[in-house]
Amino acid sequence: MSPNPATPLLDTVATPADLRKLPPGDLRQLADELRAEMISAVGQTGGHLGSGLGVVELTVALHYVFNTPDDRLVWDVGHQAYPHKIITGRRDRIRTLRQGGGLSGFTKRSESEYDPFGTAHSSTSISAALGFAVANQIAGKPGKGIAVIGDGAMSAGMAYEAMNNAKAAGNRLVVILNDNDMSIAPPVGGLSAYLARLVSSRPFLGLRDIARKLSRHLPEPLHRAAKRTDEFARGMAMGGTLFEELGFYYVGPLDGHNLEQLIPILENVRDAAEGPCLIHVVTQKGKGYGPAESAADKYHGVQKFNVVTGEQVKAVATAPAYQNVFGETLADLADKDPTICAITAAMPSGTGVDKFAKRHPERSFDVGIAEQHAVTFAAGLAAQGMRPFCAIYSTFLQRAYDQVVHDVAIQNLPVRFAIDRAGLVGADGATHAGSFDITYLASLPNFVVMAAADEAELVHMTYTAALHDSGPIAFRYPRGNGTGVALPEVPQRLEIGKGRIVRANERGGTKVALLSLGTRLAEALKAADALEARGLSTTVADLRFAKPLDTDLIRSLMAAHEVVVTVEEGSIGGLGAHVLTMASDEGLTDAGLKIRTLRLPDLFLDHDSPDKQYDAAGLNAPQIVDTVLRALRHNSAGVEEARA
């Protein structure tokens, strides 16, 4: 029996088990309430909006039909899983999304048993769901593996690698292709929905199986003709030939917002004896919220916003975003250099490549979610005399590391890597933090690795990379806005492997040298002010290069100071490790020099505001000062001065 009409249905659904007690006729109302709850929550927290709005009905249908959490539901990327979180016991915390100590903006295993697999990078869901399905098959357990993957994520080869291997799971694997861009399917109509329901039904599956068995006893020419006719008819009706070739039984396309269509088809698939199945649903990103439906990006990622008007609350920018500085600089350089081209992997606006594309569309390439291809494509361009800039987030470049090594570094090809989102990234958390690129690139022979301290330095480094033709070169820069420094009218070509002194100690003292790489320079300068106030003379250097190191500068600073501290927004194994190796090789620590390295801790930092993340990492000015004082306390000559 339905709850009291005065009681919102959503208030009665704490878990999917509660959802499955409702009669089918109540699911439309529940979906509407779920959509309203999500809009209200994201209006307060910001986050990914449009993608979640597009899968509200699909979320309700999947949890209604399948026995989650025993049936393992994996959301590709996971940014569309806010409705899923609300009906899986987390509604009371949904207004903590992406806040320090609150819910993650993606699925996360430690958060709920209904999140069986952590996802934040795309195109992993089918592989993971296949793993769950095969494990259950081996153990004799009944649970299925269900992957919900967007059409954009299907541009990644990993999805097809998984599908090519999917027969091992039998009927325990279900893939939901969420097509929210109309990139594959024609408009959905009543006929296609009817056909989808028909071909997913037990009678049809049974007849088709009987027909296949009978056709095997026909003479070979007739058997081949029968098979081709079946595949051709289904391909003409529903466009599933590609998926059939990969071993999937294809159903669709379906209207992903029509619960009356979704429920019986999902039930048919759940109960089918066929092998792996792919259900193609067409949804509308931003569905049910006018401002999102009318926005060009369907409100993909939003700040806090007014639910009534849709107006987003945005801070007034005092400086341009790093990504835009890069994009405009590269476009300016390409005006004069016809060999410059830009490559991005499905993130044109996120990397600033959209700025380049507006002025040089014939030399701009968005390859989709295919970072491996992006890197090797760039290598091919470089081998043919072009000057490619491969603009990829640090965390996404990890997906193409073999290509970076094998196709670029070993062949010493001049591919330019513009590495966005370097360092910690705030609300997106550990999955999107650019923590490892210094370490994984500076360890490679032939590579030049730079880090911009501010937006002016980014201009110089983009120009330097454009002119560097003797091998691969990378430059990293953070998410967000710059520091507000004036941008140079004419870019400067930096000397490879040479840093700069930003602040010399005014009294000629010999106490402390801070060696900064990247945008921690601002905090190093604050720390220098605090140390000077304590009477500790401090030199600050911006090394600019993690590789090759400015050995002359580092050697001179080590010779002239008691304490040397390296500061970087990267993991262990980066700048600090290279400086320590140099000092050890040259015996520079033999005279009592104290070297300390500040870098990201050896753990994955959860989402929070960037400033709090850097506090937790020990990379803000107070922690730099504390590191210096503790080093001096181990030196009897510096004890009294450190305490002063």
# chains A, B, ... in the order shown; residues from 1 in each chain; ligands from 1
>>> residues_around(residues="region 495-501 of chain A", least_positions_apart="5", cutoff="8 Å", atoms="only C-alpha atoms", output="PDB file with N, CA and C atoms, in the first residue's frame")
ATOM      1  N   VAL A 448      62.486  17.389 -19.974  1.00  0.00           N
ATOM      2  CA  VAL A 448      62.611  18.659 -19.256  1.00  0.00           C
ATOM      3  C   VAL A 448      61.299  18.872 -18.517  1.00  0.00           C
ATOM      4  N   THR A 539      67.062  33.351   2.148  1.00  0.00           N
ATOM      5  CA  THR A 539      67.098  33.487   0.695  1.00  0.00           C
ATOM      6  C   THR A 539      65.986  32.616   0.108  1.00  0.00           C
ATOM      7  N   VAL A 540      65.300  33.137  -0.893  1.00  0.00           N
ATOM      8  CA  VAL A 540      64.245  32.365  -1.570  1.00  0.00           C
ATOM      9  C   VAL A 540      64.593  32.242  -3.045  1.00  0.00           C
ATOM     10  N   ALA A 541      64.601  31.004  -3.536  1.00  0.00           N
ATOM     11  CA  ALA A 541      64.864  30.743  -4.947  1.00  0.00           C
ATOM     12  C   ALA A 541      63.663  30.057  -5.578  1.00  0.00           C
ATOM     13  N   ASP A 542      63.357  30.452  -6.807  1.00  0.00           N
ATOM     14  CA  ASP A 542      62.373  29.743  -7.623  1.00  0.00           C
ATOM     15  C   ASP A 542      63.169  28.910  -8.616  1.00  0.00           C
ATOM     16  N   LEU A 543      63.194  27.601  -8.402  1.00  0.00           N
ATOM     17  CA  LEU A 543      64.053  26.752  -9.236  1.00  0.00           C
ATOM     18  C   LEU A 543      63.554  26.620 -10.670  1.00  0.00           C
ATOM     19  N   ARG A 544      62.255  26.804 -10.871  1.00  0.00           N
ATOM     20  CA  ARG A 544      61.646  26.716 -12.201  1.00  0.00           C
ATOM     21  C   ARG A 544      61.694  25.307 -12.795  1.00  0.00           C
ATOM     22  N   PHE A 545      62.818  24.617 -12.651  1.00  0.00           N
ATOM     23  CA  PHE A 545      63.015  23.318 -13.291  1.00  0.00           C
ATOM     24  C   PHE A 545      63.211  22.232 -12.234  1.00  0.00           C
ATOM     25  N   LYS A 547      63.760  19.250 -13.601  1.00  0.00           N
ATOM     26  CA  LYS A 547      64.746  18.539 -14.409  1.00  0.00           C
ATOM     27  C   LYS A 547      64.977  19.328 -15.691  1.00  0.00           C
ATOM     28  N   PRO A 548      66.207  19.625 -16.069  1.00  0.00           N
ATOM     29  CA  PRO A 548      67.414  19.414 -15.273  1.00  0.00           C
ATOM     30  C   PRO A 548      67.500  20.413 -14.122  1.00  0.00           C
ATOM     31  N   LEU A 549      68.088  19.998 -13.029  1.00  0.00           N
ATOM     32  CA  LEU A 549      68.266  20.887 -11.891  1.00  0.00           C
ATOM     33  C   LEU A 549      69.282  21.980 -12.211  1.00  0.00           C
ATOM     34  N   ASP A 550      69.092  23.123 -11.594  1.00  0.00           N
ATOM     35  CA  ASP A 550      70.096  24.190 -11.664  1.00  0.00           C
ATOM     36  C   ASP A 550      71.160  23.873 -10.612  1.00  0.00           C
ATOM     37  N   LEU A 553      73.207  26.854  -9.090  1.00  0.00           N
ATOM     38  CA  LEU A 553      72.480  27.650  -8.110  1.00  0.00           C
ATOM     39  C   LEU A 553      72.319  26.879  -6.798  1.00  0.00           C
TER      40      LEU A 553
END
>>> residues_around(residues="Val74 (chain A)", least_positions_apart="4", cutoff="12 Å", atoms="only C-alpha atoms", output="MDAnalysis selection string")
chainID A and resid 59 62:63 68:69 78:81 84 106:109 113:120 122:133 144:150 173:176
>>> atom_distance(atom1="CA of Arg493 (chain A)", atom2="CA of Ile343 (chain A)")
22.5 Å
>>> select_by_dssp(residues="region 389-555 of chain A", states="strand (DSSP E)", output="PDB file with N, CA and C atoms, in the first residue's frame")
ATOM      1  N   PHE A 389      51.301  20.515 -28.643  1.00  0.00           N
ATOM      2  CA  PHE A 389      51.117  20.725 -27.215  1.00  0.00           C
ATOM      3  C   PHE A 389      49.999  19.793 -26.763  1.00  0.00           C
ATOM      4  N   CYS A 390      50.339  18.866 -25.898  1.00  0.00           N
ATOM      5  CA  CYS A 390      49.375  17.899 -25.378  1.00  0.00           C
ATOM      6  C   CYS A 390      48.902  18.416 -24.018  1.00  0.00           C
ATOM      7  N   ALA A 391      47.711  18.998 -23.980  1.00  0.00           N
ATOM      8  CA  ALA A 391      47.187  19.645 -22.768  1.00  0.00           C
ATOM      9  C   ALA A 391      46.264  18.681 -22.042  1.00  0.00           C
ATOM     10  N   ILE A 392      46.745  18.138 -20.922  1.00  0.00           N
ATOM     11  CA  ILE A 392      46.013  17.118 -20.186  1.00  0.00           C
ATOM     12  C   ILE A 392      46.183  17.377 -18.696  1.00  0.00           C
ATOM     13  N   TYR A 393      45.128  17.153 -17.929  1.00  0.00           N
ATOM     14  CA  TYR A 393      45.240  17.252 -16.477  1.00  0.00           C
ATOM     15  C   TYR A 393      46.305  16.271 -15.984  1.00  0.00           C
ATOM     16  N   ARG A 416      55.239  18.611 -26.357  1.00  0.00           N
ATOM     17  CA  ARG A 416      55.116  19.565 -25.250  1.00  0.00           C
ATOM     18  C   ARG A 416      53.909  19.176 -24.406  1.00  0.00           C
ATOM     19  N   PHE A 417      54.122  18.939 -23.126  1.00  0.00           N
ATOM     20  CA  PHE A 417      53.045  18.549 -22.222  1.00  0.00           C
ATOM     21  C   PHE A 417      52.665  19.741 -21.351  1.00  0.00           C
ATOM     22  N   ALA A 418      51.455  20.248 -21.557  1.00  0.00           N
ATOM     23  CA  ALA A 418      50.900  21.305 -20.713  1.00  0.00           C
ATOM     24  C   ALA A 418      50.055  20.615 -19.652  1.00  0.00           C
ATOM     25  N   ILE A 419      50.561  20.573 -18.418  1.00  0.00           N
ATOM     26  CA  ILE A 419      49.957  19.749 -17.375  1.00  0.00           C
ATOM     27  C   ILE A 419      49.136  20.625 -16.441  1.00  0.00           C
ATOM     28  N   ASP A 420      47.839  20.600 -16.649  1.00  0.00           N
ATOM     29  CA  ASP A 420      46.891  21.397 -15.865  1.00  0.00           C
ATOM     30  C   ASP A 420      46.528  20.659 -14.577  1.00  0.00           C
ATOM     31  N   VAL A 448      62.486  17.389 -19.974  1.00  0.00           N
ATOM     32  CA  VAL A 448      62.611  18.659 -19.256  1.00  0.00           C
ATOM     33  C   VAL A 448      61.299  18.872 -18.517  1.00  0.00           C
ATOM     34  N   VAL A 449      61.374  19.192 -17.225  1.00  0.00           N
ATOM     35  CA  VAL A 449      60.169  19.364 -16.412  1.00  0.00           C
ATOM     36  C   VAL A 449      60.226  20.724 -15.719  1.00  0.00           C
ATOM     37  N   MET A 450      59.226  21.574 -16.007  1.00  0.00           N
ATOM     38  CA  MET A 450      59.137  22.910 -15.429  1.00  0.00           C
ATOM     39  C   MET A 450      57.867  23.034 -14.593  1.00  0.00           C
ATOM     40  N   ALA A 451      57.858  24.009 -13.687  1.00  0.00           N
ATOM     41  CA  ALA A 451      56.661  24.309 -12.901  1.00  0.00           C
ATOM     42  C   ALA A 451      56.546  25.821 -12.763  1.00  0.00           C
ATOM     43  N   ILE A 473      59.243  18.051 -23.352  1.00  0.00           N
ATOM     44  CA  ILE A 473      59.279  19.077 -22.311  1.00  0.00           C
ATOM     45  C   ILE A 473      57.886  19.204 -21.704  1.00  0.00           C
ATOM     46  N   ALA A 474      57.831  19.376 -20.405  1.00  0.00           N
ATOM     47  CA  ALA A 474      56.551  19.490 -19.702  1.00  0.00           C
ATOM     48  C   ALA A 474      56.590  20.698 -18.789  1.00  0.00           C
ATOM     49  N   PHE A 475      55.429  21.334 -18.639  1.00  0.00           N
ATOM     50  CA  PHE A 475      55.309  22.416 -17.666  1.00  0.00           C
ATOM     51  C   PHE A 475      53.965  22.271 -16.973  1.00  0.00           C
ATOM     52  N   ARG A 476      53.990  22.462 -15.660  1.00  0.00           N
ATOM     53  CA  ARG A 476      52.810  22.207 -14.842  1.00  0.00           C
ATOM     54  C   ARG A 476      52.316  23.498 -14.214  1.00  0.00           C
ATOM     55  N   ARG A 500      66.052  31.048 -10.518  1.00  0.00           N
ATOM     56  CA  ARG A 500      66.249  32.474 -10.240  1.00  0.00           C
ATOM     57  C   ARG A 500      66.163  32.704  -8.729  1.00  0.00           C
ATOM     58  N   ILE A 501      66.919  33.686  -8.278  1.00  0.00           N
ATOM     59  CA  ILE A 501      66.799  34.145  -6.896  1.00  0.00           C
ATOM     60  C   ILE A 501      65.671  35.169  -6.851  1.00  0.00           C
ATOM     61  N   VAL A 502      64.671  34.904  -6.045  1.00  0.00           N
ATOM     62  CA  VAL A 502      63.534  35.815  -5.929  1.00  0.00           C
ATOM     63  C   VAL A 502      63.751  36.797  -4.790  1.00  0.00           C
ATOM     64  N   ARG A 503      64.373  36.329  -3.718  1.00  0.00           N
ATOM     65  CA  ARG A 503      64.686  37.215  -2.592  1.00  0.00           C
ATOM     66  C   ARG A 503      66.047  36.818  -2.020  1.00  0.00           C
ATOM     67  N   VAL A 512      69.219  30.521   6.168  1.00  0.00           N
ATOM     68  CA  VAL A 512      68.177  29.691   5.552  1.00  0.00           C
ATOM     69  C   VAL A 512      68.062  29.979   4.058  1.00  0.00           C
ATOM     70  N   ALA A 513      67.928  28.914   3.273  1.00  0.00           N
ATOM     71  CA  ALA A 513      67.593  29.033   1.853  1.00  0.00           C
ATOM     72  C   ALA A 513      66.361  28.182   1.578  1.00  0.00           C
ATOM     73  N   LEU A 514      65.346  28.788   0.993  1.00  0.00           N
ATOM     74  CA  LEU A 514      64.129  28.080   0.602  1.00  0.00           C
ATOM     75  C   LEU A 514      64.146  27.897  -0.908  1.00  0.00           C
ATOM     76  N   LEU A 515      64.102  26.648  -1.351  1.00  0.00           N
ATOM     77  CA  LEU A 515      64.134  26.319  -2.779  1.00  0.00           C
ATOM     78  C   LEU A 515      62.736  25.873  -3.194  1.00  0.00           C
ATOM     79  N   SER A 516      62.030  26.746  -3.881  1.00  0.00           N
ATOM     80  CA  SER A 516      60.636  26.476  -4.234  1.00  0.00           C
ATOM     81  C   SER A 516      60.515  26.047  -5.691  1.00  0.00           C
ATOM     82  N   LEU A 517      59.538  25.182  -5.936  1.00  0.00           N
ATOM     83  CA  LEU A 517      59.190  24.795  -7.295  1.00  0.00           C
ATOM     84  C   LEU A 517      57.683  24.942  -7.455  1.00  0.00           C
ATOM     85  N   THR A 538      67.081  34.944   5.258  1.00  0.00           N
ATOM     86  CA  THR A 538      66.490  33.910   4.406  1.00  0.00           C
ATOM     87  C   THR A 538      66.588  34.290   2.934  1.00  0.00           C
ATOM     88  N   THR A 539      67.062  33.351   2.148  1.00  0.00           N
ATOM     89  CA  THR A 539      67.098  33.487   0.695  1.00  0.00           C
ATOM     90  C   THR A 539      65.986  32.616   0.108  1.00  0.00           C
ATOM     91  N   VAL A 540      65.300  33.137  -0.893  1.00  0.00           N
ATOM     92  CA  VAL A 540      64.245  32.365  -1.570  1.00  0.00           C
ATOM     93  C   VAL A 540      64.593  32.242  -3.045  1.00  0.00           C
ATOM     94  N   ALA A 541      64.601  31.004  -3.536  1.00  0.00           N
ATOM     95  CA  ALA A 541      64.864  30.743  -4.947  1.00  0.00           C
ATOM     96  C   ALA A 541      63.663  30.057  -5.578  1.00  0.00           C
ATOM     97  N   ASP A 542      63.357  30.452  -6.807  1.00  0.00           N
ATOM     98  CA  ASP A 542      62.373  29.743  -7.623  1.00  0.00           C
ATOM     99  C   ASP A 542      63.169  28.910  -8.616  1.00  0.00           C
ATOM    100  N   PHE A 545      62.818  24.617 -12.651  1.00  0.00           N
ATOM    101  CA  PHE A 545      63.015  23.318 -13.291  1.00  0.00           C
ATOM    102  C   PHE A 545      63.211  22.232 -12.234  1.00  0.00           C
ATOM    103  N   ALA A 546      62.409  21.165 -12.347  1.00  0.00           N
ATOM    104  CA  ALA A 546      62.676  19.966 -11.562  1.00  0.00           C
ATOM    105  C   ALA A 546      63.705  19.099 -12.274  1.00  0.00           C
ATOM    106  N   LYS A 547      63.760  19.250 -13.601  1.00  0.00           N
ATOM    107  CA  LYS A 547      64.746  18.539 -14.409  1.00  0.00           C
ATOM    108  C   LYS A 547      64.977  19.328 -15.691  1.00  0.00           C
TER     109      LYS A 547
END
>>> select_by_dssp(residues="region 448-543 of chain A", states="helix (DSSP H, G or I)", output="list of chain:residue names")
A:Glu455, A:Ala456, A:Glu457, A:Leu458, A:Val459, A:His460, A:Met461, A:Thr462, A:Tyr463, A:Thr464, A:Ala465, A:Ala466, A:Leu467, A:Leu521, A:Ala522, A:Glu523, A:Ala524, A:Leu525, A:Lys526, A:Ala527, A:Ala528, A:Asp529, A:Ala530, A:Leu531, A:Glu532, A:Ala533
>>> atom_distance(atom1="CA of Gly484 (chain A)", atom2="CA of Glu455 (chain A)")
7.8 Å
>>> decode(residues="region 319-407 of chain A", atoms="C-alpha atoms", output="PDB file, in the first residue's frame")
ATOM      1  CA  ALA A 319      43.296  37.341 -11.876  1.00  0.00           C
ATOM      2  CA  PRO A 320      42.857  35.194 -14.991  1.00  0.00           C
ATOM      3  CA  ALA A 321      42.623  31.420 -14.664  1.00  0.00           C
ATOM      4  CA  TYR A 322      45.828  29.579 -15.421  1.00  0.00           C
ATOM      5  CA  GLN A 323      44.152  27.478 -18.105  1.00  0.00           C
ATOM      6  CA  ASN A 324      43.028  30.607 -19.945  1.00  0.00           C
ATOM      7  CA  VAL A 325      46.486  32.170 -19.732  1.00  0.00           C
ATOM      8  CA  PHE A 326      47.899  29.043 -21.328  1.00  0.00           C
ATOM      9  CA  GLY A 327      45.221  28.879 -24.034  1.00  0.00           C
ATOM     10  CA  GLU A 328      45.551  32.533 -25.048  1.00  0.00           C
ATOM     11  CA  THR A 329      49.349  32.406 -24.984  1.00  0.00           C
ATOM     12  CA  LEU A 330      49.433  29.312 -27.172  1.00  0.00           C
ATOM     13  CA  ALA A 331      46.965  30.864 -29.616  1.00  0.00           C
ATOM     14  CA  ASP A 332      49.163  33.981 -29.846  1.00  0.00           C
ATOM     15  CA  LEU A 333      52.243  31.879 -30.531  1.00  0.00           C
ATOM     16  CA  ALA A 334      50.376  29.863 -33.166  1.00  0.00           C
ATOM     17  CA  ASP A 335      49.514  33.087 -35.007  1.00  0.00           C
ATOM     18  CA  LYS A 336      53.180  33.267 -35.967  1.00  0.00           C
ATOM     19  CA  ASP A 337      54.091  29.572 -36.000  1.00  0.00           C
ATOM     20  CA  PRO A 338      52.030  27.325 -38.305  1.00  0.00           C
ATOM     21  CA  THR A 339      53.558  24.169 -36.809  1.00  0.00           C
ATOM     22  CA  ILE A 340      52.010  24.675 -33.357  1.00  0.00           C
ATOM     23  CA  CYS A 341      48.962  22.515 -32.657  1.00  0.00           C
ATOM     24  CA  ALA A 342      46.992  21.622 -29.548  1.00  0.00           C
ATOM     25  CA  ILE A 343      45.579  18.298 -28.387  1.00  0.00           C
ATOM     26  CA  THR A 344      43.174  17.699 -25.527  1.00  0.00           C
ATOM     27  CA  ALA A 345      41.365  14.627 -24.252  1.00  0.00           C
ATOM     28  CA  ALA A 346      37.722  15.704 -23.893  1.00  0.00           C
ATOM     29  CA  MET A 347      38.616  18.783 -21.799  1.00  0.00           C
ATOM     30  CA  PRO A 348      38.873  21.729 -24.216  1.00  0.00           C
ATOM     31  CA  SER A 349      37.526  24.370 -21.824  1.00  0.00           C
ATOM     32  CA  GLY A 350      39.138  22.789 -18.773  1.00  0.00           C
ATOM     33  CA  THR A 351      42.576  23.053 -20.361  1.00  0.00           C
ATOM     34  CA  GLY A 352      42.120  26.339 -22.235  1.00  0.00           C
ATOM     35  CA  VAL A 353      42.436  24.607 -25.599  1.00  0.00           C
ATOM     36  CA  ASP A 354      39.029  26.045 -26.498  1.00  0.00           C
ATOM     37  CA  LYS A 355      40.720  29.467 -26.681  1.00  0.00           C
ATOM     38  CA  PHE A 356      43.238  28.053 -29.129  1.00  0.00           C
ATOM     39  CA  ALA A 357      40.533  26.253 -31.121  1.00  0.00           C
ATOM     40  CA  LYS A 358      38.565  29.429 -31.772  1.00  0.00           C
ATOM     41  CA  ARG A 359      41.512  30.946 -33.608  1.00  0.00           C
ATOM     42  CA  HIS A 360      43.126  27.819 -35.051  1.00  0.00           C
ATOM     43  CA  PRO A 361      40.422  25.179 -35.463  1.00  0.00           C
ATOM     44  CA  GLU A 362      42.366  23.243 -38.096  1.00  0.00           C
ATOM     45  CA  ARG A 363      45.221  22.714 -35.622  1.00  0.00           C
ATOM     46  CA  SER A 364      43.102  21.879 -32.576  1.00  0.00           C
ATOM     47  CA  PHE A 365      42.232  18.267 -31.766  1.00  0.00           C
ATOM     48  CA  ASP A 366      39.876  16.957 -29.106  1.00  0.00           C
ATOM     49  CA  VAL A 367      40.442  13.198 -29.194  1.00  0.00           C
ATOM     50  CA  GLY A 368      37.821  12.316 -26.581  1.00  0.00           C
ATOM     51  CA  ILE A 369      38.539  10.385 -23.408  1.00  0.00           C
ATOM     52  CA  ALA A 370      41.583   8.761 -24.962  1.00  0.00           C
ATOM     53  CA  GLU A 371      44.716  10.003 -23.239  1.00  0.00           C
ATOM     54  CA  GLN A 372      46.849   7.137 -24.532  1.00  0.00           C
ATOM     55  CA  HIS A 373      45.939   7.997 -28.090  1.00  0.00           C
ATOM     56  CA  ALA A 374      46.453  11.719 -27.405  1.00  0.00           C
ATOM     57  CA  VAL A 375      50.075  11.181 -26.356  1.00  0.00           C
ATOM     58  CA  THR A 376      51.025   8.882 -29.226  1.00  0.00           C
ATOM     59  CA  PHE A 377      49.136  11.060 -31.714  1.00  0.00           C
ATOM     60  CA  ALA A 378      51.216  13.981 -30.459  1.00  0.00           C
ATOM     61  CA  ALA A 379      54.346  11.868 -30.856  1.00  0.00           C
ATOM     62  CA  GLY A 380      53.460  11.189 -34.475  1.00  0.00           C
ATOM     63  CA  LEU A 381      52.876  14.879 -35.116  1.00  0.00           C
ATOM     64  CA  ALA A 382      56.224  15.722 -33.530  1.00  0.00           C
ATOM     65  CA  ALA A 383      58.024  13.083 -35.592  1.00  0.00           C
ATOM     66  CA  GLN A 384      56.625  14.729 -38.708  1.00  0.00           C
ATOM     67  CA  GLY A 385      57.931  18.178 -37.787  1.00  0.00           C
ATOM     68  CA  MET A 386      54.949  19.717 -36.010  1.00  0.00           C
ATOM     69  CA  ARG A 387      55.109  21.333 -32.565  1.00  0.00           C
ATOM     70  CA  PRO A 388      52.295  19.607 -30.651  1.00  0.00           C
ATOM     71  CA  PHE A 389      51.117  20.725 -27.215  1.00  0.00           C
ATOM     72  CA  CYS A 390      49.375  17.899 -25.378  1.00  0.00           C
ATOM     73  CA  ALA A 391      47.187  19.645 -22.768  1.00  0.00           C
ATOM     74  CA  ILE A 392      46.013  17.118 -20.186  1.00  0.00           C
ATOM     75  CA  TYR A 393      45.240  17.252 -16.477  1.00  0.00           C
ATOM     76  CA  SER A 394      48.040  15.809 -14.358  1.00  0.00           C
ATOM     77  CA  THR A 395      45.807  13.082 -12.941  1.00  0.00           C
ATOM     78  CA  PHE A 396      44.593  12.065 -16.414  1.00  0.00           C
ATOM     79  CA  LEU A 397      48.081  11.966 -17.911  1.00  0.00           C
ATOM     80  CA  GLN A 398      48.726   9.071 -15.534  1.00  0.00           C
ATOM     81  CA  ARG A 399      46.498   6.991 -17.808  1.00  0.00           C
ATOM     82  CA  ALA A 400      48.999   7.367 -20.652  1.00  0.00           C
ATOM     83  CA  TYR A 401      52.267   6.786 -18.829  1.00  0.00           C
ATOM     84  CA  ASP A 402      53.436   3.921 -21.024  1.00  0.00           C
ATOM     85  CA  GLN A 403      52.930   6.087 -24.098  1.00  0.00           C
ATOM     86  CA  VAL A 404      54.876   8.917 -22.437  1.00  0.00           C
ATOM     87  CA  VAL A 405      57.770   6.518 -21.813  1.00  0.00           C
ATOM     88  CA  HIS A 406      57.721   4.358 -24.926  1.00  0.00           C
ATOM     89  CA  ASP A 407      56.404   6.665 -27.635  1.00  0.00           C
TER      90      ASP A 407
END
